[in-house]
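Structure data follow from run_19.pdb (PDB, C-alpha atoms, pLDDT in the B column):
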ATOM      1  CA  GLY B  20     -30.878  13.498   1.937  1.00 81.00           C
ATOM      2  CA  LEU B  21     -27.860  15.248   0.425  1.00 88.00           C
ATOM      3  CA  THR B  22     -25.293  12.722   1.616  1.00 91.00           C
ATOM      4  CA  THR B  23     -25.082   9.517  -0.395  1.00 93.00           C
ATOM      5  CA  ALA B  24     -21.664   8.255   0.662  1.00 96.00           C
ATOM      6  CA  VAL B  25     -19.142   8.808   3.433  1.00 97.00           C
ATOM      7  CA  GLY B  26     -15.531   7.968   4.071  1.00 98.00           C
ATOM      8  CA  VAL B  27     -13.756   7.328   7.342  1.00 98.00           C
ATOM      9  CA  SER B  28     -10.166   7.416   8.465  1.00 98.00           C
ATOM     10  CA  ASN B  29      -8.213   4.960  10.596  1.00 98.00           C
ATOM     11  CA  PHE B  30     -11.210   2.767  11.378  1.00 98.00           C
ATOM     12  CA  SER B  31     -10.324  -0.732  12.511  1.00 98.00           C
ATOM     13  CA  LYS B  32     -11.892  -3.719  10.785  1.00 98.00           C
ATOM     14  CA  ASP B  33     -14.646  -3.951  13.405  1.00 98.00           C
ATOM     15  CA  GLN B  34     -15.305  -0.197  13.391  1.00 98.00           C
ATOM     16  CA  MET B  35     -15.499  -0.231   9.590  1.00 98.00           C
ATOM     17  CA  ILE B  36     -17.984  -3.118   9.612  1.00 98.00           C
ATOM     18  CA  GLU B  37     -20.113  -1.346  12.216  1.00 98.00           C
ATOM     19  CA  ALA B  38     -19.966   1.944  10.293  1.00 98.00           C
ATOM     20  CA  SER B  39     -20.967   0.152   7.096  1.00 98.00           C
ATOM     21  CA  GLU B  40     -23.972  -1.405   8.840  1.00 98.00           C
ATOM     22  CA  ILE B  41     -25.061   1.943  10.311  1.00 97.00           C
ATOM     23  CA  CYS B  42     -24.634   3.695   6.969  1.00 97.00           C
ATOM     24  CA  SER B  43     -26.579   0.973   5.183  1.00 96.00           C
ATOM     25  CA  ARG B  44     -29.522   1.362   7.562  1.00 96.00           C
ATOM     26  CA  LEU B  45     -29.523   5.075   6.729  1.00 94.00           C
ATOM     27  CA  GLY B  46     -29.344   4.479   2.989  1.00 95.00           C
ATOM     28  CA  ILE B  47     -25.789   5.824   2.805  1.00 97.00           C
ATOM     29  CA  LYS B  48     -22.787   3.975   1.381  1.00 98.00           C
ATOM     30  CA  LEU B  49     -19.578   3.690   3.363  1.00 98.00           C
ATOM     31  CA  SER B  50     -17.250   4.278   0.439  1.00 98.00           C
ATOM     32  CA  ALA B  51     -13.730   4.551   1.863  1.00 98.00           C
ATOM     33  CA  ASN B  52     -11.507   3.909   4.855  1.00 98.00           C
ATOM     34  CA  GLN B  53      -8.205   5.781   4.812  1.00 98.00           C
ATOM     35  CA  VAL B  54      -5.525   3.832   6.686  1.00 98.00           C
ATOM     36  CA  LYS B  55      -1.762   3.583   6.898  1.00 98.00           C
ATOM     37  CA  PHE B  56      -0.668   0.839   4.499  1.00 98.00           C
ATOM     38  CA  SER B  57       2.580   0.088   2.709  1.00 97.00           C
ATOM     39  CA  LEU B  58       5.012  -2.726   2.051  1.00 96.00           C
ATOM     40  CA  LEU B  59       6.577  -1.893   5.416  1.00 96.00           C
ATOM     41  CA  ASP B  60       3.277  -1.614   7.309  1.00 96.00           C
ATOM     42  CA  ARG B  61       0.971  -4.448   6.345  1.00 96.00           C
ATOM     43  CA  SER B  62      -0.920  -4.587   9.637  1.00 96.00           C
ATOM     44  CA  ASN B  63      -4.219  -3.685   7.945  1.00 96.00           C
ATOM     45  CA  GLU B  64      -3.770  -6.575   5.557  1.00 95.00           C
ATOM     46  CA  LYS B  65      -2.816  -9.048   8.276  1.00 95.00           C
ATOM     47  CA  ASN B  66      -5.619  -8.070  10.670  1.00 97.00           C
ATOM     48  CA  GLY B  67      -8.313  -8.687   8.050  1.00 97.00           C
ATOM     49  CA  LEU B  68      -9.239  -5.075   7.352  1.00 98.00           C
ATOM     50  CA  LEU B  69      -8.311  -5.325   3.677  1.00 97.00           C
ATOM     51  CA  SER B  70     -10.410  -8.440   3.034  1.00 97.00           C
ATOM     52  CA  ALA B  71     -13.339  -7.025   5.033  1.00 98.00           C
ATOM     53  CA  ALA B  72     -13.198  -3.816   3.004  1.00 98.00           C
ATOM     54  CA  GLU B  73     -13.282  -5.832  -0.205  1.00 98.00           C
ATOM     55  CA  ALA B  74     -16.306  -7.802   1.021  1.00 98.00           C
ATOM     56  CA  LEU B  75     -18.093  -4.562   1.969  1.00 98.00           C
ATOM     57  CA  ASP B  76     -17.060  -2.799  -1.266  1.00 98.00           C
ATOM     58  CA  VAL B  77     -15.240  -0.139   0.753  1.00 98.00           C
ATOM     59  CA  ALA B  78     -12.174   1.390  -0.872  1.00 98.00           C
ATOM     60  CA  VAL B  79      -9.004   1.235   1.194  1.00 98.00           C
ATOM     61  CA  VAL B  80      -7.132   4.505   0.729  1.00 98.00           C
ATOM     62  CA  ALA B  81      -3.490   3.986   1.705  1.00 98.00           C
ATOM     63  CA  TYR B  82      -1.737   6.946   3.265  1.00 98.00           C
ATOM     64  CA  SER B  83       2.034   6.912   3.782  1.00 97.00           C
ATOM     65  CA  PRO B  84       2.334   4.352   0.952  1.00 98.00           C
ATOM     66  CA  LEU B  85       6.067   4.996   0.598  1.00 97.00           C
ATOM     67  CA  ALA B  86       6.685   4.640   4.346  1.00 95.00           C
ATOM     68  CA  GLY B  87       7.867   8.176   4.852  1.00 93.00           C
ATOM     69  CA  GLY B  88      10.296   7.985   1.924  1.00 93.00           C
ATOM     70  CA  LYS B  89      11.853   4.669   2.911  1.00 94.00           C
ATOM     71  CA  LEU B  90      10.378   2.987  -0.186  1.00 96.00           C
ATOM     72  CA  THR B  91      12.118   5.246  -2.675  1.00 93.00           C
ATOM     73  CA  SER B  92      15.425   5.064  -4.510  1.00 86.00           C
ATOM     74  CA  SER B  93      16.946   7.282  -1.818  1.00 84.00           C
ATOM     75  CA  GLY B  94      15.461   5.212   1.016  1.00 81.00           C
ATOM     76  CA  ALA B  95      18.628   3.195   1.594  1.00 71.00           C
ATOM     77  CA  ALA B  96      20.748   6.357   1.639  1.00 75.00           C
ATOM     78  CA  LYS B  97      18.445   7.886   4.256  1.00 80.00           C
ATOM     79  CA  ASN B  98      18.660   4.714   6.378  1.00 74.00           C
ATOM     80  CA  PRO B  99      22.238   3.447   5.849  1.00 74.00           C
ATOM     81  CA  LYS B 100      22.250   1.181   8.914  1.00 79.00           C
ATOM     82  CA  ASP B 101      19.069  -0.671   7.978  1.00 84.00           C
ATOM     83  CA  ASP B 102      20.311  -3.818   6.226  1.00 90.00           C
ATOM     84  CA  LYS B 103      16.800  -5.291   6.007  1.00 91.00           C
ATOM     85  CA  LEU B 104      15.522  -2.214   4.195  1.00 93.00           C
ATOM     86  CA  ALA B 105      18.507  -2.243   1.837  1.00 92.00           C
ATOM     87  CA  GLU B 106      17.840  -5.892   1.009  1.00 93.00           C
ATOM     88  CA  LEU B 107      14.173  -5.190   0.249  1.00 96.00           C
ATOM     89  CA  LEU B 108      15.009  -2.127  -1.857  1.00 96.00           C
ATOM     90  CA  LYS B 109      17.516  -4.135  -3.878  1.00 95.00           C
ATOM     91  CA  LEU B 110      14.806  -6.682  -4.722  1.00 97.00           C
ATOM     92  CA  MET B 111      12.341  -3.893  -5.559  1.00 97.00           C
ATOM     93  CA  GLU B 112      14.926  -2.284  -7.817  1.00 96.00           C
ATOM     94  CA  PHE B 113      15.379  -5.611  -9.646  1.00 97.00           C
ATOM     95  CA  VAL B 114      11.596  -6.033 -10.014  1.00 98.00           C
ATOM     96  CA  GLY B 115      11.421  -2.485 -11.404  1.00 98.00           C
ATOM     97  CA  VAL B 116      14.114  -3.205 -13.991  1.00 97.00           C
ATOM     98  CA  VAL B 117      12.279  -6.357 -15.109  1.00 97.00           C
ATOM     99  CA  ASN B 118       9.141  -4.229 -15.574  1.00 97.00           C
ATOM    100  CA  GLY B 119      10.723  -1.788 -17.993  1.00 97.00           C
ATOM    101  CA  GLY B 120      12.760   0.411 -15.695  1.00 97.00           C
ATOM    102  CA  LYS B 121      10.179   1.208 -13.034  1.00 98.00           C
ATOM    103  CA  SER B 122      11.457   2.907  -9.896  1.00 97.00           C
ATOM    104  CA  ILE B 123      11.365   1.494  -6.384  1.00 97.00           C
ATOM    105  CA  SER B 124       8.527   3.851  -5.474  1.00 97.00           C
ATOM    106  CA  GLN B 125       6.566   2.797  -8.566  1.00 98.00           C
ATOM    107  CA  VAL B 126       6.956  -0.843  -7.543  1.00 98.00           C
ATOM    108  CA  ALA B 127       5.774   0.005  -4.002  1.00 98.00           C
ATOM    109  CA  LEU B 128       2.722   1.882  -5.281  1.00 98.00           C
ATOM    110  CA  ASN B 129       1.865  -0.795  -7.832  1.00 98.00           C
ATOM    111  CA  TRP B 130       2.052  -3.450  -5.088  1.00 98.00           C
ATOM    112  CA  LEU B 131      -0.593  -1.510  -3.149  1.00 98.00           C
ATOM    113  CA  VAL B 132      -2.831  -1.240  -6.204  1.00 98.00           C
ATOM    114  CA  ARG B 133      -2.501  -4.992  -6.755  1.00 97.00           C
ATOM    115  CA  LYS B 134      -3.556  -5.450  -3.113  1.00 97.00           C
ATOM    116  CA  GLY B 135      -6.713  -3.478  -3.872  1.00 96.00           C
ATOM    117  CA  ALA B 136      -5.726  -0.225  -2.183  1.00 98.00           C
ATOM    118  CA  LEU B 137      -5.700   3.317  -3.555  1.00 98.00           C
ATOM    119  CA  PRO B 138      -2.343   4.823  -2.563  1.00 98.00           C
ATOM    120  CA  ILE B 139      -2.112   8.559  -1.961  1.00 97.00           C
ATOM    121  CA  PRO B 140       1.600   9.394  -1.970  1.00 97.00           C
ATOM    122  CA  SER B 141       2.689  12.929  -1.270  1.00 93.00           C
ATOM    123  CA  ALA B 142       4.407  14.804  -4.072  1.00 93.00           C
ATOM    124  CA  ARG B 143       6.516  17.876  -3.460  1.00 91.00           C
ATOM    125  CA  SER B 144       7.090  18.582  -7.122  1.00 94.00           C
ATOM    126  CA  ALA B 145       5.646  17.941 -10.555  1.00 96.00           C
ATOM    127  CA  GLU B 146       8.528  15.509 -11.126  1.00 94.00           C
ATOM    128  CA  GLN B 147       7.506  13.427  -8.107  1.00 93.00           C
ATOM    129  CA  ALA B 148       3.865  13.460  -9.244  1.00 95.00           C
ATOM    130  CA  ARG B 149       4.930  12.218 -12.697  1.00 95.00           C
ATOM    131  CA  GLU B 150       7.004   9.459 -11.112  1.00 94.00           C
ATOM    132  CA  HIS B 151       4.077   8.378  -8.926  1.00 96.00           C
ATOM    133  CA  ALA B 152       1.810   8.299 -11.990  1.00 97.00           C
ATOM    134  CA  GLY B 153       4.294   5.835 -13.528  1.00 96.00           C
ATOM    135  CA  ALA B 154       3.044   3.251 -11.034  1.00 97.00           C
ATOM    136  CA  MET B 155      -0.068   2.928 -13.199  1.00 96.00           C
ATOM    137  CA  GLY B 156      -0.544   1.378 -16.628  1.00 96.00           C
ATOM    138  CA  TRP B 157       1.316  -1.833 -15.779  1.00 97.00           C
ATOM    139  CA  SER B 158       1.004  -4.502 -13.136  1.00 98.00           C
ATOM    140  CA  LEU B 159       3.251  -6.672 -11.040  1.00 98.00           C
ATOM    141  CA  ASP B 160       2.568 -10.281 -11.926  1.00 98.00           C
ATOM    142  CA  ASP B 161       1.629 -12.970  -9.403  1.00 98.00           C
ATOM    143  CA  ASN B 162       5.212 -14.270  -9.228  1.00 98.00           C
ATOM    144  CA  GLU B 163       6.562 -10.801  -8.468  1.00 98.00           C
ATOM    145  CA  MET B 164       3.906 -10.263  -5.798  1.00 98.00           C
ATOM    146  CA  SER B 165       4.846 -13.600  -4.220  1.00 97.00           C
ATOM    147  CA  LEU B 166       8.548 -12.797  -4.422  1.00 97.00           C
ATOM    148  CA  LEU B 167       8.054  -9.467  -2.642  1.00 97.00           C
ATOM    149  CA  GLU B 168       5.819 -10.992   0.009  1.00 95.00           C
ATOM    150  CA  GLU B 169       8.231 -13.869   0.645  1.00 96.00           C
ATOM    151  CA  LYS B 170      11.041 -11.341   1.087  1.00 96.00           C
ATOM    152  CA  LEU B 171       8.902  -9.315   3.500  1.00 95.00           C
ATOM    153  CA  GLU B 172       8.136 -12.426   5.558  1.00 93.00           C
ATOM    154  CA  TYR B 173      11.795 -13.449   5.537  1.00 93.00           C
ATOM    155  CA  LEU B 174      12.795  -9.980   6.745  1.00 90.00           C
ATOM    156  CA  GLY B 175      10.099 -10.008   9.430  1.00 88.00           C
ATOM    157  CA  TRP B 176       7.699  -7.464   7.931  1.00 84.00           C
TER
END
Once more with this new file: its structure as structure tokens, please.
Amino acid sequence: GLTTAVGVSNFSKDQMIEASEICSRLGIKLSANQVKFSLLDRSNEKNGLLSAAEALDVAVVAYSPLAGGKLTSSGAAKNPKDDKLAELLKLMEFVGVVNGGKSISQVALNWLVRKGALPIPSARSAEQAREHAGAMGWSLDDNEMSLLEEKLEYLGW
């Protein structure tokens, strides 16, 4: 009787639904499913996990939300031969400028929040933590979300 909610990690859509049903029968809430999710890895959006989580009122906690550093201002420098990534980062940089000088990583994190996920980016310094916090308090508009998603589709992500 001490447990009122649980979270899971890397459950598929079907596993999450089953876990939610089991928890419900026991009077426990399935509260979160931690999965890999970013602009560069949208598999959990495309396979229906994100919409199922919303229907079940299960928070999607997005780990690796900056795709291992690829979705940062230094991402293109770390991956100089990746023209597709450079093209996406250029668009994200533009979207950040339009939104008051937000960084590429702030745009990436805000995109996840708009998708209904709770990103958990790593921070190796107080400066990085402050930058990540700058993804909050503003919101990409519907046109910017569409623009980013159209670019992702065009680039094959």
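Closest approach to Ser122 (chain B) among B:Ser92, B:Leu137, B:Lys109, B:Ala142 is made by B:Ser92 (distances from all atoms listed in the file).
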Do you know which residues the PyMOL selection byres ((chain B and resi 119) around 12) returns on this file, as a PyMOL selection string? chain B and resi 112-118+120-122+125-126+153-154+156-159
Apply the PyMOL selection byres ((chain B and resi 99-106) around 9) to the file shown and report the selected residues as a compact mmCIF listing (two decimals) with C-alpha atoms, keeping the file's coordinate frame.
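What ended up in out12.txt:
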# COMPACT_ATOMS: atom_id res chain seq x y z
CA LYS B 89 11.85 4.67 2.91
CA LEU B 90 10.38 2.99 -0.19
CA GLY B 94 15.46 5.21 1.02
CA ALA B 95 18.63 3.20 1.59
CA ALA B 96 20.75 6.36 1.64
CA LYS B 97 18.44 7.89 4.26
CA ASN B 98 18.66 4.71 6.38
CA LEU B 107 14.17 -5.19 0.25
CA LEU B 108 15.01 -2.13 -1.86
CA LYS B 109 17.52 -4.14 -3.88
CA LEU B 110 14.81 -6.68 -4.72
CA MET B 111 12.34 -3.89 -5.56
CA LYS B 170 11.04 -11.34 1.09
CA LEU B 174 12.80 -9.98 6.74
CA GLY B 175 10.10 -10.01 9.43
Just so the selection is clear, what residues does the PyMOL selection byres ((chain B and resi 82) around 12) cover here, as an mmCIF file with C-alpha atoms, in the coordinates of the input?
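File written: result.cif
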data_model
loop_
_atom_site.group_PDB
_atom_site.id
_atom_site.type_symbol
_atom_site.label_atom_id
_atom_site.label_comp_id
_atom_site.auth_asym_id
_atom_site.auth_seq_id
_atom_site.Cartn_x
_atom_site.Cartn_y
_atom_site.Cartn_z
ATOM 1 C CA SER B 28 -10.166 7.416 8.465
ATOM 2 C CA ASN B 29 -8.213 4.960 10.596
ATOM 3 C CA ASN B 52 -11.507 3.909 4.855
ATOM 4 C CA GLN B 53 -8.205 5.781 4.812
ATOM 5 C CA VAL B 54 -5.525 3.832 6.686
ATOM 6 C CA LYS B 55 -1.762 3.583 6.898
ATOM 7 C CA PHE B 56 -0.668 0.839 4.499
ATOM 8 C CA SER B 57 2.580 0.088 2.709
ATOM 9 C CA LEU B 58 5.012 -2.726 2.051
ATOM 10 C CA ASP B 60 3.277 -1.614 7.309
ATOM 11 C CA ASN B 63 -4.219 -3.685 7.945
ATOM 12 C CA VAL B 79 -9.004 1.235 1.194
ATOM 13 C CA VAL B 80 -7.132 4.505 0.729
ATOM 14 C CA ALA B 81 -3.490 3.986 1.705
ATOM 15 C CA SER B 83 2.034 6.912 3.782
ATOM 16 C CA PRO B 84 2.334 4.352 0.952
ATOM 17 C CA LEU B 85 6.067 4.996 0.598
ATOM 18 C CA ALA B 86 6.685 4.640 4.346
ATOM 19 C CA GLY B 87 7.867 8.176 4.852
ATOM 20 C CA LEU B 128 2.722 1.882 -5.281
ATOM 21 C CA LEU B 131 -0.593 -1.510 -3.149
ATOM 22 C CA ALA B 136 -5.726 -0.225 -2.183
ATOM 23 C CA LEU B 137 -5.700 3.317 -3.555
ATOM 24 C CA PRO B 138 -2.343 4.823 -2.563
ATOM 25 C CA ILE B 139 -2.112 8.559 -1.961
ATOM 26 C CA PRO B 140 1.600 9.394 -1.970
ATOM 27 C CA SER B 141 2.689 12.929 -1.270
#
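Nearest to Ser70 (chain B) of all the residues B:Glu40, B:Lys32, B:Trp176, B:Ser165 is B:Lys32, counting all atoms listed in the file.
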Please report the interatomic distance between CA of Ala24 (chain B) and CA of Ser39 (chain B) in Å with one decimal.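 It comes out at 10.4 Å.
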Figure out the distance between CA of Trp130 (chain B) and CA of Leu167 (chain B), please, to one decimal in Å.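 Separation of CA of Leu167 (chain B) and CA of Trp130 (chain B): 8.8 Å.
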Quick check, in Å to one decimal: how far apart do CA of Gly46 (chain B) and CA of Lys134 (chain B) lie?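 Here the two named atoms are 28.3 Å from each other.
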List the neighbours of Leu49 (chain B) out to 8 Å using all atoms listed in the file; skip same-chain residues closer than 3 positions along the sequence, and give me the result as a VMD selection string. chain B and resid 24 to 27 38 to 39 42 to 43 77
Write out, as a PDB file, in the frame of the given file, the residues just selected, with C-alpha atoms.
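Okay, this is what ended up in part.pdb:
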ATOM      1  CA  ALA B  24     -21.664   8.255   0.662  1.00 96.00           C
ATOM      2  CA  VAL B  25     -19.142   8.808   3.433  1.00 97.00           C
ATOM      3  CA  GLY B  26     -15.531   7.968   4.071  1.00 98.00           C
ATOM      4  CA  VAL B  27     -13.756   7.328   7.342  1.00 98.00           C
ATOM      5  CA  ALA B  38     -19.966   1.944  10.293  1.00 98.00           C
ATOM      6  CA  SER B  39     -20.967   0.152   7.096  1.00 98.00           C
ATOM      7  CA  CYS B  42     -24.634   3.695   6.969  1.00 97.00           C
ATOM      8  CA  SER B  43     -26.579   0.973   5.183  1.00 96.00           C
ATOM      9  CA  VAL B  77     -15.240  -0.139   0.753  1.00 98.00           C
TER      10      VAL B  77
END
Give, as lines of an AutoDock Vina configuration file, the centre coordinates and the x, y and z edge lengths in Å to one decimal for an axis-aligned box around all listed atoms of region 152-157 of chain B, padded by 6 Å on each side.
center_x = 1.9
center_y = 3.2
center_z = -13.8
size_x = 16.8
size_y = 22.1
size_z = 17.6
Calculated over all atoms listed in the file, which of the candidates B:Ser124, B:Tyr173, B:Leu21, B:Gly135 has the smallest distance to Ala152 (chain B)? B:Ser124
Give the answer as one residue: which of B:Arg143, B:Val132, B:Leu171, B:Ile47 has the shortest atom-to-atom distance to Met155 (chain B), using all atoms listed in the file?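 Of the candidates, the smallest distance to Met155 (chain B) is held by B:Val132.
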Return region 136-164 of chain B, completed with N, CA and C atoms, as a compact mmCIF listing (two decimals), in the coordinates of the input.
# COMPACT_ATOMS: atom_id res chain seq x y z
N ALA B 136 -5.71 -1.52 -2.86
CA ALA B 136 -5.73 -0.22 -2.18
C ALA B 136 -5.53 0.92 -3.18
N LEU B 137 -5.91 2.10 -2.78
CA LEU B 137 -5.70 3.32 -3.56
C LEU B 137 -4.65 4.15 -2.84
N PRO B 138 -3.39 4.08 -3.26
CA PRO B 138 -2.34 4.82 -2.56
C PRO B 138 -2.44 6.32 -2.83
N ILE B 139 -2.14 7.11 -1.81
CA ILE B 139 -2.11 8.56 -1.96
C ILE B 139 -0.74 9.08 -1.50
N PRO B 140 0.27 8.93 -2.34
CA PRO B 140 1.60 9.39 -1.97
C PRO B 140 1.68 10.92 -2.04
N SER B 141 2.48 11.48 -1.18
CA SER B 141 2.69 12.93 -1.27
C SER B 141 3.65 13.21 -2.42
N ALA B 142 3.52 14.38 -3.00
CA ALA B 142 4.41 14.80 -4.07
C ALA B 142 4.77 16.26 -3.81
N ARG B 143 6.06 16.52 -3.73
CA ARG B 143 6.52 17.88 -3.46
C ARG B 143 6.87 18.63 -4.73
N SER B 144 6.77 17.94 -5.85
CA SER B 144 7.09 18.58 -7.12
C SER B 144 6.34 17.88 -8.24
N ALA B 145 6.28 18.55 -9.38
CA ALA B 145 5.65 17.94 -10.56
C ALA B 145 6.41 16.68 -10.96
N GLU B 146 7.72 16.69 -10.79
CA GLU B 146 8.53 15.51 -11.13
C GLU B 146 8.13 14.31 -10.27
N GLN B 147 7.94 14.52 -8.98
CA GLN B 147 7.51 13.43 -8.11
C GLN B 147 6.11 12.94 -8.50
N ALA B 148 5.22 13.85 -8.84
CA ALA B 148 3.86 13.46 -9.24
C ALA B 148 3.92 12.62 -10.51
N ARG B 149 4.78 13.01 -11.47
CA ARG B 149 4.93 12.22 -12.70
C ARG B 149 5.48 10.83 -12.39
N GLU B 150 6.45 10.77 -11.48
CA GLU B 150 7.00 9.46 -11.11
C GLU B 150 5.93 8.58 -10.47
N HIS B 151 5.15 9.15 -9.57
CA HIS B 151 4.08 8.38 -8.93
C HIS B 151 3.08 7.87 -9.97
N ALA B 152 2.75 8.70 -10.94
CA ALA B 152 1.81 8.30 -11.99
C ALA B 152 2.35 7.11 -12.78
N GLY B 153 3.68 6.96 -12.83
CA GLY B 153 4.29 5.84 -13.53
C GLY B 153 4.06 4.50 -12.86
N ALA B 154 3.41 4.51 -11.70
CA ALA B 154 3.04 3.25 -11.03
C ALA B 154 1.80 2.64 -11.68
N MET B 155 1.16 3.39 -12.55
CA MET B 155 -0.07 2.93 -13.20
C MET B 155 0.24 2.50 -14.64
N GLY B 156 -0.69 1.78 -15.24
CA GLY B 156 -0.54 1.38 -16.63
C GLY B 156 0.25 0.10 -16.82
N TRP B 157 0.61 -0.55 -15.75
CA TRP B 157 1.32 -1.83 -15.78
C TRP B 157 0.97 -2.53 -14.47
N SER B 158 1.37 -3.77 -14.34
CA SER B 158 1.00 -4.50 -13.14
C SER B 158 2.06 -5.53 -12.79
N LEU B 159 2.41 -5.59 -11.52
CA LEU B 159 3.25 -6.67 -11.04
C LEU B 159 2.52 -7.99 -11.29
N ASP B 160 3.24 -9.00 -11.72
CA ASP B 160 2.57 -10.28 -11.93
C ASP B 160 2.52 -11.06 -10.61
N ASP B 161 1.81 -12.17 -10.63
CA ASP B 161 1.63 -12.97 -9.40
C ASP B 161 2.96 -13.44 -8.83
N ASN B 162 3.90 -13.82 -9.70
CA ASN B 162 5.21 -14.27 -9.23
C ASN B 162 5.96 -13.15 -8.53
N GLU B 163 5.88 -11.95 -9.08
CA GLU B 163 6.56 -10.80 -8.47
C GLU B 163 5.91 -10.44 -7.14
N MET B 164 4.60 -10.52 -7.06
CA MET B 164 3.91 -10.26 -5.80
C MET B 164 4.36 -11.28 -4.75
